[in-house]
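Reviewing the structure listed below.
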Amino acid sequence: MGKIAVGIAVVCGVAVAAAAAVVVHRRMKKSGKWVKVMEIVKDFEEKCATPVSRLKQVSDAMIVEMHAGLASEGGSKLKMLISYVDNLPTGREKGLFYALDLGGTNFRVLRLQLGGRGRGILNQQFVEVSIPPNLMTGTSNALFDFIVAELAKFVSQESSDYEPNPGRPRELGFTFSFPVMQTSIASGILLKWTKGFSINDAVGRDVVAELTEAMERRGLDMRVSALVNDTVGTLAGARFVNNDAVAAVILGTGSNAAYVERANAIPKWHGPLPRSGEMVINMEWGNFKSAHLPLSEYDLEMDAESLNPGEQIYEKVLSGMYLGEIVRRVLCRMAQEAAFFGDTVPPKLKVPFALGTPAISAMHQDTSPDLKVVANRFKELFEISNTSLQMRKVIVQICNIVATRGARLAAAGILSILRKMGRDTIKDAEKQRMVVGMDGGLYEHYTKYRKCLEKCLNELLGEEVSETIELQLSTDGSGIGAAILAASHSRYHARDD
């Protein structure tokens with residue numbers, strides 16, 4: 001077929017699709033189905049509404065849960081876990097340190113050369129490795145032997161410049177992003193697996209001991225100096241570059257937060273108070289739940305059908321794992337009750353989690369006059385080509401409702417931390433600056449989500465206080481933070497004093 005013939009065929013195909021979209025839209029208007037579409041959208045928007053008054057109620061409820069979680073184990077939906085990190089980095093850390101970042105189907109091994117006072121990170125390298133699916137449901141030994149083999153390979157490829165001093169093992173920070181009950185800075189009992197892992201013989205064991213035994217089996221001379229959650233690692237990484245960092249939030253596939261608490265404000269802490277008088281708390285805020293959270297029937301249905309019904313409710317309305325799925329469920333309802341995509345519901349639209357958050361981010365941020373990105377995504381993902389411009393505008397509207405609610409609820413969570421720390425007001429005309437380290441693909445890449453969160457936080461705090469608060473992107477904070485915490489908790493002199 002010649003170029004002219006191909007061009008004619010493409011133009012004809014586009015024209016046919018456009019004509020079909022117009023026909024579908026006209027049929028909907030004639031039958032009154034469009035009115036039904038608008039009713040569904042309006043009802044959803046009302047149920048997801050986040051006026052300032054409601055966000056302050058959410059914040060009040062979260063602060064109550066924070067106090068309860070600090071008072072006793074199991075006393076709250078918020079675990080408020082003691083991290084045993086009572087000394088955050090100062091920026092003076094110096095030397096060669098490693099990190100192992102295990103938080104999902106991939107893990108990363110990092111090496112950092114820290115330069116000491118004012119010199120920051122001189123050099124860093126990392127490698128990312130996929131975990132074979134069979135090891136995610138196998139035995140503890142099999143998983144940790146695989147991880148250590150990759151760790152040993154990474155070390156074996158180093159030049160002689162990275163050789164440690166005689167008699168001194170390499171030191172490692174271990175980011176382990178699964179629920180653990182930490183018992184010291186370098187030990188923690190695995191409570192349960194998440195994210196598709198199911199290794200029964202590891203539950204109830206000390207994950208640092210499991211890793212250490214695997215290193216001994218391999219003959220790898222390396223010591224775990226710090227066990228950290230990814231959010232605590234992000235806070236440590238933020239503090240290393242900015243001494244005003246006192247909290248961290250991860251907004252990615254999941255969500256969590258950590259902050260610096262006064263040690264004497266933790267009733268469940270029974271040991272001697274740390275010299276610093278402070279303790280980093282891992283909130284596990286994804287599990288927050290309150291009657292004030294604006295939930296729709298789509299959220300409740302998604303939760304009921306999830307692997308953990310009744311849990312992680314806060315995370316399910318604001319994190320990257322779920323935003324696309326909520327949009328898909330609304331569109332399904334419109335397809336079923338208002339024939340939004342024609343006489344039948346497109347089969348691929350019925351598949352749970354078929355619409356990911358990267359797709360809704362791209363559609364929500366589509367700036368083309370005819371919303372071409374929306375049209376292309378629906379054709380690629382669901383084989384739906386008969387969307388009119390009016391239909392595409394409705395799709396963008398639903399993306400906006402879901403993202404706006406999530407971003408504003410995340411802002412309410414940050415407000416809770418600031419209020420708990422007494423940083424939501426300016427005392428004695430002293431404008432003390434405060435930095436919140438932010439990490440996660442949702443915050444980094446979904447620009448409208450990020451800007452909405454920042455605008456809402458300013459709205460909640462007021463202009464004067466907002467000027468003292470900075471949300472600072474801390475990319476790859478969890479891995480880098482773990483290596484830096486290994487430095488700040490090193491047995492050896494690791495500071496440039």
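To be explicit about the labels: the chains of the structure tokens are called A, B, and onward in the order shown, and within each one the residues are counted from 1, while ligands get numbers from 1 in the order they are shown.
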
**Request:** Assign secondary structure with DSSP using the backbone only, and return the residues of segment 63-298 of chain A in helix (DSSP H, G or I) as a PyMOL selection string.
**Result:** chain A and resi 63-71+133-137+140-156+160-162+200-202+207-218+230-241+263-265+285-287+297-298

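Shortest atom-to-atom contact with Leu485 of chain A among A:Leu220, A:Leu78, A:Val228, A:Leu295: A:Val228, counting only C-alpha atoms.
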
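Taking only C-alpha atoms into account, Ala487 of chain A lies nearest to A:Leu88 out of the set A:Met80, A:Ile313, A:Leu88, A:Ile40.
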
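Ranking A:Lys47, A:Arg117, A:Lys195, A:Arg111 by their shortest atom-to-atom distance to Glu171 of chain A, with only C-alpha atoms included, puts A:Arg111 first.
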
**Request:** Step one, run DSSP on the backbone; step two, keep only residues of segment 78-304 of chain A assigned to strand (DSSP E); then write them as number ranges by chain.
**Result:** A: 81-82, 94-102, 106-115, 121-130, 170-176, 180-184, 187-190, 222-228, 245-251, 255-262, 278-282

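Of the listed residues A:Met136, A:Ala403, A:Val127, A:Leu96, the one whose atoms come nearest to Ala49 of chain A is A:Ala403, with distances taken using only C-alpha atoms.
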
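Residue nearest Ser225 of chain A within the list A:Gly237, A:Gly277, A:Pro169, A:Gly118: A:Pro169 [criterion: smallest interatomic distance, only C-alpha atoms].
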